$ cat coords.cif   # mmCIF, C-alpha atoms and all ligand atoms
data_input
#
loop_
_atom_site.label_atom_id
_atom_site.label_comp_id
_atom_site.auth_asym_id
_atom_site.auth_seq_id
_atom_site.Cartn_x
_atom_site.Cartn_y
_atom_site.Cartn_z
CA MET A 141 26.66 123.70 129.10
CA LYS A 142 28.73 126.51 127.58
CA LEU A 143 32.26 125.27 127.03
CA LEU A 144 35.36 126.91 125.71
CA ILE A 145 38.44 125.09 124.46
CA PHE A 146 41.81 126.64 123.75
CA GLY A 147 45.40 125.52 123.35
CA PRO A 148 48.38 125.72 121.02
CA GLN A 149 48.17 124.96 117.33
CA GLY A 150 47.58 121.25 116.76
CA SER A 151 46.73 120.52 120.39
CA GLY A 152 43.50 118.92 119.20
CA LYS A 153 41.05 121.71 120.00
CA GLY A 154 39.08 121.07 116.83
CA THR A 155 39.25 117.29 117.21
CA GLN A 156 38.06 117.30 120.83
CA ALA A 157 35.48 120.07 120.28
CA GLU A 158 33.89 117.96 117.55
CA ILE A 159 33.73 114.90 119.84
CA LEU A 160 32.22 116.99 122.66
CA SER A 161 29.72 118.60 120.32
CA GLU A 162 28.47 115.20 119.14
CA LYS A 163 28.39 113.73 122.65
CA LEU A 164 26.54 116.68 124.19
CA ASP A 165 24.48 117.50 121.09
CA MET A 166 25.61 121.13 121.05
CA PRO A 167 26.99 123.24 118.19
CA HIS A 168 30.76 123.27 117.64
CA ILE A 169 31.66 126.89 116.96
CA SER A 170 35.18 127.29 115.56
CA THR A 171 36.35 130.79 114.65
CA GLY A 172 39.02 129.27 112.36
CA ASP A 173 36.33 127.28 110.48
CA ILE A 174 34.08 130.36 110.19
CA PHE A 175 36.97 132.39 108.74
CA ARG A 176 37.94 129.60 106.31
CA GLU A 177 34.32 129.30 105.12
CA ASN A 178 34.24 133.06 104.52
CA VAL A 179 37.56 132.95 102.65
CA LYS A 180 36.23 130.13 100.47
CA ASN A 181 33.04 132.06 99.71
CA GLN A 182 35.02 135.27 99.12
CA THR A 183 32.90 137.32 101.50
CA GLU A 184 34.00 140.74 102.79
CA LEU A 185 34.85 139.14 106.15
CA GLY A 186 36.89 136.45 104.41
CA GLN A 187 38.81 139.02 102.38
CA LYS A 188 39.66 140.97 105.55
CA ALA A 189 40.76 137.84 107.44
CA LYS A 190 42.75 136.06 104.72
CA ALA A 191 45.89 138.22 104.79
CA TYR A 192 46.26 137.71 108.55
CA MET A 193 45.57 133.98 108.41
CA ASP A 194 48.05 133.38 105.57
CA GLN A 195 50.80 134.98 107.66
CA GLY A 196 49.88 133.15 110.86
CA GLN A 197 48.78 136.39 112.53
CA LEU A 198 45.65 136.89 114.60
CA VAL A 199 42.73 138.59 112.88
CA PRO A 200 42.18 141.97 114.65
CA ASP A 201 40.03 141.86 117.77
CA ASP A 202 37.27 144.18 116.51
CA ILE A 203 36.59 141.91 113.52
CA VAL A 204 36.60 138.69 115.56
CA ILE A 205 34.49 140.09 118.40
CA ALA A 206 31.77 141.36 116.02
CA MET A 207 31.74 137.98 114.27
CA ILE A 208 31.45 135.93 117.48
CA LYS A 209 28.77 138.23 118.91
CA ASN A 210 26.71 137.63 115.81
CA ARG A 211 27.29 133.84 115.87
CA LEU A 212 26.41 133.45 119.55
CA SER A 213 23.17 135.38 119.04
CA GLN A 214 21.85 132.60 116.75
CA THR A 215 19.21 130.39 118.34
CA ASP A 216 21.20 127.12 118.19
CA ALA A 217 23.68 128.63 120.66
CA ASN A 218 21.05 129.57 123.24
CA PHE A 219 21.40 126.51 125.46
CA GLY A 220 25.02 125.55 125.03
CA PHE A 221 27.97 125.27 122.66
CA VAL A 222 31.60 124.27 122.38
CA LEU A 223 33.60 127.34 121.44
CA ASP A 224 36.89 126.44 119.74
CA GLY A 225 39.61 129.01 119.07
CA TYR A 226 37.97 132.00 120.72
CA PRO A 227 39.09 133.96 122.72
CA ARG A 228 42.77 134.32 121.83
CA THR A 229 43.45 137.65 123.51
CA ILE A 230 42.45 139.28 126.79
CA PRO A 231 40.24 141.88 125.03
CA GLN A 232 38.41 138.99 123.27
CA ALA A 233 37.88 137.27 126.65
CA GLU A 234 36.58 140.48 128.21
CA ALA A 235 34.18 140.93 125.29
CA LEU A 236 32.95 137.33 125.71
CA ASP A 237 32.28 137.95 129.40
CA ARG A 238 30.00 140.81 128.33
CA ILE A 239 28.15 138.59 125.81
CA THR A 240 27.50 135.42 127.85
CA LYS A 241 28.57 133.33 130.83
CA ILE A 242 30.89 130.40 130.07
CA ASP A 243 30.69 127.42 132.43
CA LYS A 244 34.06 125.72 131.92
CA ILE A 245 37.28 126.52 130.11
CA LEU A 246 39.50 123.70 128.83
CA GLU A 247 43.15 124.41 128.09
CA VAL A 248 44.58 121.53 126.02
CA TRP A 249 48.36 121.68 126.32
CA ILE A 250 51.05 120.24 123.99
CA SER A 251 54.70 121.13 123.37
CA ASP A 252 55.79 123.21 120.36
CA ASP A 253 57.65 120.21 118.87
CA GLU A 254 54.49 118.10 119.02
CA SER A 255 52.54 120.92 117.40
CA LEU A 256 54.91 121.08 114.44
CA MET A 257 54.87 117.32 114.05
CA ARG A 258 51.07 117.02 114.17
CA LEU A 259 50.26 119.81 111.76
CA GLY A 260 52.67 118.35 109.23
CA GLY A 261 50.42 115.27 108.93
CA ARG A 262 47.03 116.96 109.15
CA ARG A 263 44.48 116.56 106.38
CA SER A 264 41.18 118.46 106.44
CA CYS A 265 37.95 118.00 104.54
CA GLN A 266 37.21 121.08 102.50
CA LYS A 267 33.47 120.38 102.60
CA CYS A 268 32.46 119.14 106.07
CA GLY A 269 35.54 120.23 108.04
CA ALA A 270 36.42 116.75 109.38
CA VAL A 271 40.04 116.56 110.53
CA TYR A 272 42.43 113.60 110.10
CA HIS A 273 46.09 112.83 110.68
CA LEU A 274 47.94 110.56 108.28
CA LYS A 275 49.52 108.63 111.16
CA PHE A 276 47.45 109.24 114.31
CA ASN A 277 43.92 109.39 112.90
CA PRO A 278 44.13 108.22 109.29
CA PRO A 279 41.24 108.38 106.83
CA LYS A 280 40.46 105.09 105.06
CA ASN A 281 41.62 106.65 101.80
CA GLU A 282 44.43 109.23 102.07
CA SER A 283 42.75 111.78 99.81
CA GLN A 284 39.07 111.27 100.68
CA CYS A 285 36.90 112.19 103.67
CA ASP A 286 35.41 109.17 105.50
CA LYS A 287 32.32 111.17 106.48
CA CYS A 288 31.25 112.89 103.25
CA GLY A 289 33.57 111.51 100.54
CA SER A 290 34.96 114.95 99.59
CA ARG A 291 38.60 115.68 98.81
CA LEU A 292 41.02 116.12 101.71
CA ILE A 293 43.37 119.11 101.63
CA ILE A 294 46.44 120.44 103.43
CA ARG A 295 45.56 123.78 105.03
CA GLU A 296 47.38 126.76 103.53
CA ASP A 297 48.62 127.89 106.95
CA ASP A 298 50.15 124.47 107.76
CA THR A 299 53.63 125.31 106.43
CA GLU A 300 56.53 125.21 108.92
CA ALA A 301 57.18 128.98 108.79
CA VAL A 302 53.53 129.89 109.32
CA ILE A 303 53.08 127.31 112.11
CA LYS A 304 56.08 128.84 113.94
CA GLU A 305 54.54 132.31 113.64
CA ARG A 306 51.18 131.00 114.90
CA LEU A 307 52.90 129.42 117.91
CA GLN A 308 54.68 132.68 118.69
CA GLN A 309 51.36 134.53 118.57
CA TYR A 310 49.90 131.87 120.86
CA HIS A 311 52.61 132.24 123.50
CA GLN A 312 52.46 136.05 123.42
CA GLN A 313 48.76 136.75 123.10
CA THR A 314 46.75 133.67 124.09
CA GLU A 315 48.70 132.10 126.98
CA PRO A 316 47.80 135.02 129.33
CA LEU A 317 44.24 133.61 129.20
CA VAL A 318 45.37 130.80 131.54
CA LYS A 319 45.71 133.24 134.43
CA TYR A 320 42.61 135.18 133.35
CA TYR A 321 40.46 132.04 133.67
CA GLN A 322 42.29 130.66 136.70
CA ASP A 323 41.29 133.89 138.44
CA GLN A 324 37.66 133.11 137.52
CA ASN A 325 38.03 129.53 138.89
CA LYS A 326 36.91 128.05 135.58
CA HIS A 327 40.20 126.83 134.12
CA ILE A 328 40.74 123.07 133.58
CA LYS A 329 44.11 121.94 132.24
CA ILE A 330 44.14 118.89 129.95
CA ASP A 331 47.27 117.03 128.86
CA GLY A 332 46.97 117.01 125.06
CA MET A 333 50.06 114.85 124.43
CA PRO A 334 48.52 111.33 124.71
CA PRO A 335 46.51 109.69 121.90
CA ILE A 336 43.15 111.28 120.96
CA ILE A 337 41.06 108.70 122.82
CA ASP A 338 42.97 109.27 126.08
CA VAL A 339 42.66 113.05 125.81
CA THR A 340 38.90 112.61 125.32
CA SER A 341 38.75 110.39 128.44
CA GLU A 342 40.51 113.02 130.55
CA ILE A 343 38.15 115.73 129.28
CA PHE A 344 35.03 113.62 129.94
CA SER A 345 36.29 112.69 133.40
CA LYS A 346 37.05 116.30 134.37
CA LEU A 347 33.66 117.47 133.07
CA PHE A 348 31.85 114.53 134.76
CA ILE A 349 30.50 113.25 131.43
CA ASN A 350 29.75 109.49 131.25
P1 LIG B 401 42.34 127.79 113.75
O1 LIG B 401 41.71 127.09 112.62
O2 LIG B 401 41.65 127.80 115.03
O3 LIG B 401 43.83 127.21 113.86
P2 LIG B 401 44.80 126.97 115.11
O4 LIG B 401 44.50 127.74 116.33
O5 LIG B 401 46.13 127.16 114.54
O6 LIG B 401 44.49 125.53 115.53
P3 LIG B 401 44.56 124.29 114.62
O7 LIG B 401 43.25 124.16 113.86
O8 LIG B 401 45.79 124.31 113.79
O9 LIG B 401 44.74 123.12 115.66
P4 LIG B 401 43.73 122.33 116.59
O10 LIG B 401 44.17 122.52 118.00
O11 LIG B 401 42.28 122.61 116.28
O12 LIG B 401 44.12 120.85 116.20
P5 LIG B 401 43.35 119.71 115.39
O13 LIG B 401 42.21 119.17 116.20
O14 LIG B 401 43.05 120.17 113.99
O15 LIG B 401 42.65 129.31 113.33
C1 LIG B 401 43.25 129.59 112.07
C2 LIG B 401 43.54 131.09 111.97
O16 LIG B 401 42.30 131.84 112.05
C3 LIG B 401 44.42 131.69 113.06
O17 LIG B 401 45.80 131.51 112.82
C4 LIG B 401 44.00 133.17 113.00
O18 LIG B 401 44.61 133.82 111.91
C5 LIG B 401 42.51 133.08 112.73
N1 LIG B 401 41.72 133.07 113.97
C6 LIG B 401 40.93 132.05 114.43
N2 LIG B 401 40.37 132.39 115.60
C7 LIG B 401 40.81 133.64 115.91
C8 LIG B 401 40.61 134.51 117.01
N3 LIG B 401 39.83 134.17 118.04
N4 LIG B 401 41.26 135.71 117.01
C9 LIG B 401 42.03 136.07 115.97
N5 LIG B 401 42.28 135.29 114.90
C10 LIG B 401 41.68 134.08 114.86
O19 LIG B 401 44.51 118.61 115.36
C11 LIG B 401 45.70 118.83 114.63
C12 LIG B 401 46.20 117.51 114.01
O20 LIG B 401 46.63 116.63 115.07
C13 LIG B 401 45.11 116.74 113.26
O21 LIG B 401 45.72 116.12 112.17
C14 LIG B 401 44.57 115.73 114.29
O22 LIG B 401 44.06 114.55 113.67
C15 LIG B 401 45.84 115.43 115.10
N6 LIG B 401 45.58 115.18 116.52
C16 LIG B 401 44.67 115.79 117.33
N7 LIG B 401 44.77 115.33 118.60
C17 LIG B 401 45.78 114.40 118.58
C18 LIG B 401 46.37 113.57 119.59
N8 LIG B 401 45.94 113.58 120.86
N9 LIG B 401 47.40 112.76 119.22
C19 LIG B 401 47.85 112.73 117.92
N10 LIG B 401 47.32 113.47 116.94
C20 LIG B 401 46.30 114.31 117.26
#
$ encode --input "coords.cif" --output "structure tokens" --more "lines below"
Ligand code: AP5
Amino acid sequence: MKLLIFGPQGSGKGTQAEILSEKLDMPHISTGDIFRENVKNQTELGQKAKAYMDQGQLVPDDIVIAMIKNRLSQTDANFGFVLDGYPRTIPQAEALDRITKIDKILEVWISDDESLMRLGGRRSCQKCGAVYHLKFNPPKNESQCDKCGSRLIIREDDTEAVIKERLQQYHQQTEPLVKYYQDQNKHIKIDGMPPIIDVTSEIFSKLFIN
């Protein structure tokens, strides 16, 4: 199954995509994670993306589209994947339609206030990418990843000013995707406000996963 998951910042895209990827044994492909890995390794792609990410702006479409085309051409993505954080603009969605056929699109919705509150408590593993929340999904040790033992960090773009800019970009550029995918009859809306386990249940139920 080829799945796509989008929603506002902090809606739990990454959290739910990881759960789905493990359950369905498919790769979790997150454009945000790919960019962060490239920034960390100081690649040319990372250098191009960093300035946009630091300001909460979208990386330009031509850069993102070339990157995702390359990633989806790798063999592990042949039979299915969970795509997290792509597309974020109509031109990105149109490009994706030319690359492959997506089966279902999940929109995970939360309010802007919830977004700000969640990202304030997020902690991420720099090594394996696992995501925690100090209150809602706490690691056993506040500064250490449960899965790989590496140090947990606060993402550089999780400051209040940058989160607000990211939300503005979401409302302007990404929300039009709702209608785009409704018109294709593939859009499934998920209420992202309840606890993680309940959001997962709604997703599994709507995708007919046991
Ligand atoms: P990206 O890394 O994708 O960031 P984002 O879109 O801002 O999304 P987040 O990772 O902040 O949130 P999430 O929904 O994944 O939430 P999470 O599961 O972590 O992108 C970063 C940047 O890269 C962009 O700003 C842009 O510059 C660039 N970029 C990426 N893709 C691009 C593209 N296609 N085009 C152009 N530029 C692109 O959860 C958040 C927190 O809440 C966690 O602490 C979690 O534990 C907690 N939580 C999750 N679910 C729940 C719940 N149900 N209840 C309570 N807490 C919860």
$ closest_residue --input "coords.cif" --among "A:Gln266, A:Gln156, A:Thr215, A:Gln149" --to "A:Ile330" --atoms "all atoms listed in the file"
A:Gln156
$ closest_residue --input "coords.cif" --among "A:Lys275, A:Lys163, A:Lys209, A:His168" --to "ligand LIG 401 (chain B)" --atoms "all atoms listed in the file"
A:Lys275
$ atom_distance --input "coords.cif" --atom1 "atom CA of A:Gly269" --atom2 "atom C20 of ligand LIG 401 (chain B)"
15.4 Å
$ closest_atom_pairs --input "coords.cif" --of "chain A" --to "ligand LIG 401 (chain B)" --cutoff "6 Å" --atoms "only C-alpha atoms and all ligand atoms" --output "CSV"
residue,atom,partner,partner_atom,distance
A:Gln149,CA,B:LIG401,O5,4.1
A:Gly150,CA,B:LIG401,O12,3.5
A:Ser151,CA,B:LIG401,O10,4.0
A:Gly152,CA,B:LIG401,O13,3.3
A:Lys153,CA,B:LIG401,O10,3.8
A:Gly154,CA,B:LIG401,O11,3.6
A:Thr155,CA,B:LIG401,O13,3.6
A:Thr171,CA,B:LIG401,N2,4.4
A:Gly172,CA,B:LIG401,O1,3.5
A:Asp173,CA,B:LIG401,O1,5.8
A:Tyr192,CA,B:LIG401,O18,5.4
A:Met193,CA,B:LIG401,O18,3.6
A:Gly196,CA,B:LIG401,O17,4.8
A:Gln197,CA,B:LIG401,O18,4.9
A:Leu198,CA,B:LIG401,N5,3.7
A:Val199,CA,B:LIG401,N5,3.9
A:Val204,CA,B:LIG401,N4,5.7
A:Gly225,CA,B:LIG401,O2,4.7
A:Tyr226,CA,B:LIG401,N3,3.9
A:Pro227,CA,B:LIG401,N3,4.7
A:Arg228,CA,B:LIG401,N3,4.8
A:Arg258,CA,B:LIG401,O20,4.5
A:Leu259,CA,B:LIG401,C12,5.2
A:Gly261,CA,B:LIG401,O21,5.8
A:Arg262,CA,B:LIG401,O21,3.4
A:Arg263,CA,B:LIG401,O21,5.9
A:Val271,CA,B:LIG401,O22,5.5
A:Tyr272,CA,B:LIG401,O22,4.0
A:His273,CA,B:LIG401,O21,3.6
A:Phe276,CA,B:LIG401,N10,5.0
A:Asn277,CA,B:LIG401,O22,5.2
A:Arg306,CA,B:LIG401,O17,5.8
A:Gly332,CA,B:LIG401,N8,5.5
A:Met333,CA,B:LIG401,N8,5.6
A:Pro334,CA,B:LIG401,N8,5.2
A:Pro335,CA,B:LIG401,N8,4.1
A:Ile336,CA,B:LIG401,N8,3.6
A:Val339,CA,B:LIG401,N8,6.0
$ write_last_selection --input "coords.cif" --atoms "C-alpha atoms" --output "PDB file, in the coordinates of the input"
ATOM      1  CA  GLN A 149      48.170 124.960 117.330  1.00  0.00           C
ATOM      2  CA  GLY A 150      47.580 121.250 116.760  1.00  0.00           C
ATOM      3  CA  SER A 151      46.730 120.520 120.390  1.00  0.00           C
ATOM      4  CA  GLY A 152      43.500 118.920 119.200  1.00  0.00           C
ATOM      5  CA  LYS A 153      41.050 121.710 120.000  1.00  0.00           C
ATOM      6  CA  GLY A 154      39.080 121.070 116.830  1.00  0.00           C
ATOM      7  CA  THR A 155      39.250 117.290 117.210  1.00  0.00           C
ATOM      8  CA  THR A 171      36.350 130.790 114.650  1.00  0.00           C
ATOM      9  CA  GLY A 172      39.020 129.270 112.360  1.00  0.00           C
ATOM     10  CA  ASP A 173      36.330 127.280 110.480  1.00  0.00           C
ATOM     11  CA  TYR A 192      46.260 137.710 108.550  1.00  0.00           C
ATOM     12  CA  MET A 193      45.570 133.980 108.410  1.00  0.00           C
ATOM     13  CA  GLY A 196      49.880 133.150 110.860  1.00  0.00           C
ATOM     14  CA  GLN A 197      48.780 136.390 112.530  1.00  0.00           C
ATOM     15  CA  LEU A 198      45.650 136.890 114.600  1.00  0.00           C
ATOM     16  CA  VAL A 199      42.730 138.590 112.880  1.00  0.00           C
ATOM     17  CA  VAL A 204      36.600 138.690 115.560  1.00  0.00           C
ATOM     18  CA  GLY A 225      39.610 129.010 119.070  1.00  0.00           C
ATOM     19  CA  TYR A 226      37.970 132.000 120.720  1.00  0.00           C
ATOM     20  CA  PRO A 227      39.090 133.960 122.720  1.00  0.00           C
ATOM     21  CA  ARG A 228      42.770 134.320 121.830  1.00  0.00           C
ATOM     22  CA  ARG A 258      51.070 117.020 114.170  1.00  0.00           C
ATOM     23  CA  LEU A 259      50.260 119.810 111.760  1.00  0.00           C
ATOM     24  CA  GLY A 261      50.420 115.270 108.930  1.00  0.00           C
ATOM     25  CA  ARG A 262      47.030 116.960 109.150  1.00  0.00           C
ATOM     26  CA  ARG A 263      44.480 116.560 106.380  1.00  0.00           C
ATOM     27  CA  VAL A 271      40.040 116.560 110.530  1.00  0.00           C
ATOM     28  CA  TYR A 272      42.430 113.600 110.100  1.00  0.00           C
ATOM     29  CA  HIS A 273      46.090 112.830 110.680  1.00  0.00           C
ATOM     30  CA  PHE A 276      47.450 109.240 114.310  1.00  0.00           C
ATOM     31  CA  ASN A 277      43.920 109.390 112.900  1.00  0.00           C
ATOM     32  CA  ARG A 306      51.180 131.000 114.900  1.00  0.00           C
ATOM     33  CA  GLY A 332      46.970 117.010 125.060  1.00  0.00           C
ATOM     34  CA  MET A 333      50.060 114.850 124.430  1.00  0.00           C
ATOM     35  CA  PRO A 334      48.520 111.330 124.710  1.00  0.00           C
ATOM     36  CA  PRO A 335      46.510 109.690 121.900  1.00  0.00           C
ATOM     37  CA  ILE A 336      43.150 111.280 120.960  1.00  0.00           C
ATOM     38  CA  VAL A 339      42.660 113.050 125.810  1.00  0.00           C
TER      39      VAL A 339
END
$ closest_atom_pairs --input "coords.cif" --of "stretch 198-305 of chain A" --to "stretch 311-328 of chain A" --cutoff "9 Å" --atoms "all atoms listed in the file" --output "Markdown table"
| residue | atom | partner | partner_atom | distance |
| --- | --- | --- | --- | --- |
| A:Pro227 | CA | A:Thr314 | CA | 7.8 |
| A:Arg228 | CA | A:Thr314 | CA | 4.6 |
| A:Thr229 | CA | A:Thr314 | CA | 5.2 |
| A:Ile230 | CA | A:Leu317 | CA | 6.4 |
| A:Ala233 | CA | A:Leu317 | CA | 7.8 |
| A:Ile242 | CA | A:Lys326 | CA | 8.5 |
| A:Asp243 | CA | A:Lys326 | CA | 7.0 |
| A:Lys244 | CA | A:Lys326 | CA | 5.2 |
| A:Ile245 | CA | A:His327 | CA | 5.0 |
| A:Leu246 | CA | A:Ile328 | CA | 4.9 |
| A:Glu247 | CA | A:Ile328 | CA | 6.1 |
| A:Val248 | CA | A:Ile328 | CA | 8.6 |
$ write_last_selection --input "coords.cif" --atoms "C-alpha atoms" --output "short mmCIF file (atom, residue, chain, number, x, y, z; two decimals), in the coordinates of the input"
data_model
loop_
_atom_site.label_atom_id
_atom_site.label_comp_id
_atom_site.auth_asym_id
_atom_site.auth_seq_id
_atom_site.Cartn_x
_atom_site.Cartn_y
_atom_site.Cartn_z
CA PRO A 227 39.09 133.96 122.72
CA ARG A 228 42.77 134.32 121.83
CA THR A 229 43.45 137.65 123.51
CA ILE A 230 42.45 139.28 126.79
CA ALA A 233 37.88 137.27 126.65
CA ILE A 242 30.89 130.40 130.07
CA ASP A 243 30.69 127.42 132.43
CA LYS A 244 34.06 125.72 131.92
CA ILE A 245 37.28 126.52 130.11
CA LEU A 246 39.50 123.70 128.83
CA GLU A 247 43.15 124.41 128.09
CA VAL A 248 44.58 121.53 126.02
#
$ atom_distance --input "coords.cif" --atom1 "atom CA of A:Glu296" --atom2 "atom CA of A:Gln195"
9.8 Å
$ closest_residue --input "coords.cif" --among "A:Ala189, A:Met207, A:Trp249, A:Arg295" --to "A:Tyr310" --atoms "only C-alpha atoms"
A:Trp249
$ atom_distance --input "coords.cif" --atom1 "atom CA of A:Leu144" --atom2 "atom CA of A:Asp338"
19.2 Å
$ closest_residue --input "coords.cif" --among "A:Asp194, A:Asp237, A:Asp201, A:Asp224" --to "A:Glu158" --atoms "only C-alpha atoms"
A:Asp224
$ residues_around --input "coords.cif" --residues "A:Gln187" --least-positions-apart "4" --cutoff "12 Å" --atoms "only C-alpha atoms" --output "compact mmCIF listing (two decimals) with C-alpha atoms, keeping the file's coordinate frame"
# COMPACT_ATOMS: atom_id res chain seq x y z
CA PHE A 175 36.97 132.39 108.74
CA ARG A 176 37.94 129.60 106.31
CA GLU A 177 34.32 129.30 105.12
CA ASN A 178 34.24 133.06 104.52
CA VAL A 179 37.56 132.95 102.65
CA LYS A 180 36.23 130.13 100.47
CA ASN A 181 33.04 132.06 99.71
CA GLN A 182 35.02 135.27 99.12
CA THR A 183 32.90 137.32 101.50
CA ALA A 191 45.89 138.22 104.79
CA TYR A 192 46.26 137.71 108.55
CA MET A 193 45.57 133.98 108.41
CA ASP A 194 48.05 133.38 105.57
CA VAL A 199 42.73 138.59 112.88
CA ILE A 203 36.59 141.91 113.52
$ closest_residue --input "coords.cif" --among "A:Gln309, A:Cys268, A:Pro231, A:Val302" --to "A:Ser290" --atoms "all atoms listed in the file"
A:Cys268
$ closest_residue --input "coords.cif" --among "A:Leu164, A:Leu274, A:Ala235, A:Ile337" --to "A:Ile293" --atoms "only C-alpha atoms"
A:Leu274
$ residues_around --input "coords.cif" --residues "A:Met166" --least-positions-apart "2" --cutoff "8 Å" --atoms "only C-alpha atoms" --output "PDB file with C-alpha atoms, keeping the file's coordinate frame"
ATOM      1  CA  LEU A 160      32.220 116.990 122.660  1.00  0.00           C
ATOM      2  CA  SER A 161      29.720 118.600 120.320  1.00  0.00           C
ATOM      3  CA  GLU A 162      28.470 115.200 119.140  1.00  0.00           C
ATOM      4  CA  LEU A 164      26.540 116.680 124.190  1.00  0.00           C
ATOM      5  CA  HIS A 168      30.760 123.270 117.640  1.00  0.00           C
ATOM      6  CA  ASP A 216      21.200 127.120 118.190  1.00  0.00           C
ATOM      7  CA  ALA A 217      23.680 128.630 120.660  1.00  0.00           C
ATOM      8  CA  GLY A 220      25.020 125.550 125.030  1.00  0.00           C
ATOM      9  CA  PHE A 221      27.970 125.270 122.660  1.00  0.00           C
ATOM     10  CA  VAL A 222      31.600 124.270 122.380  1.00  0.00           C
TER      11      VAL A 222
END
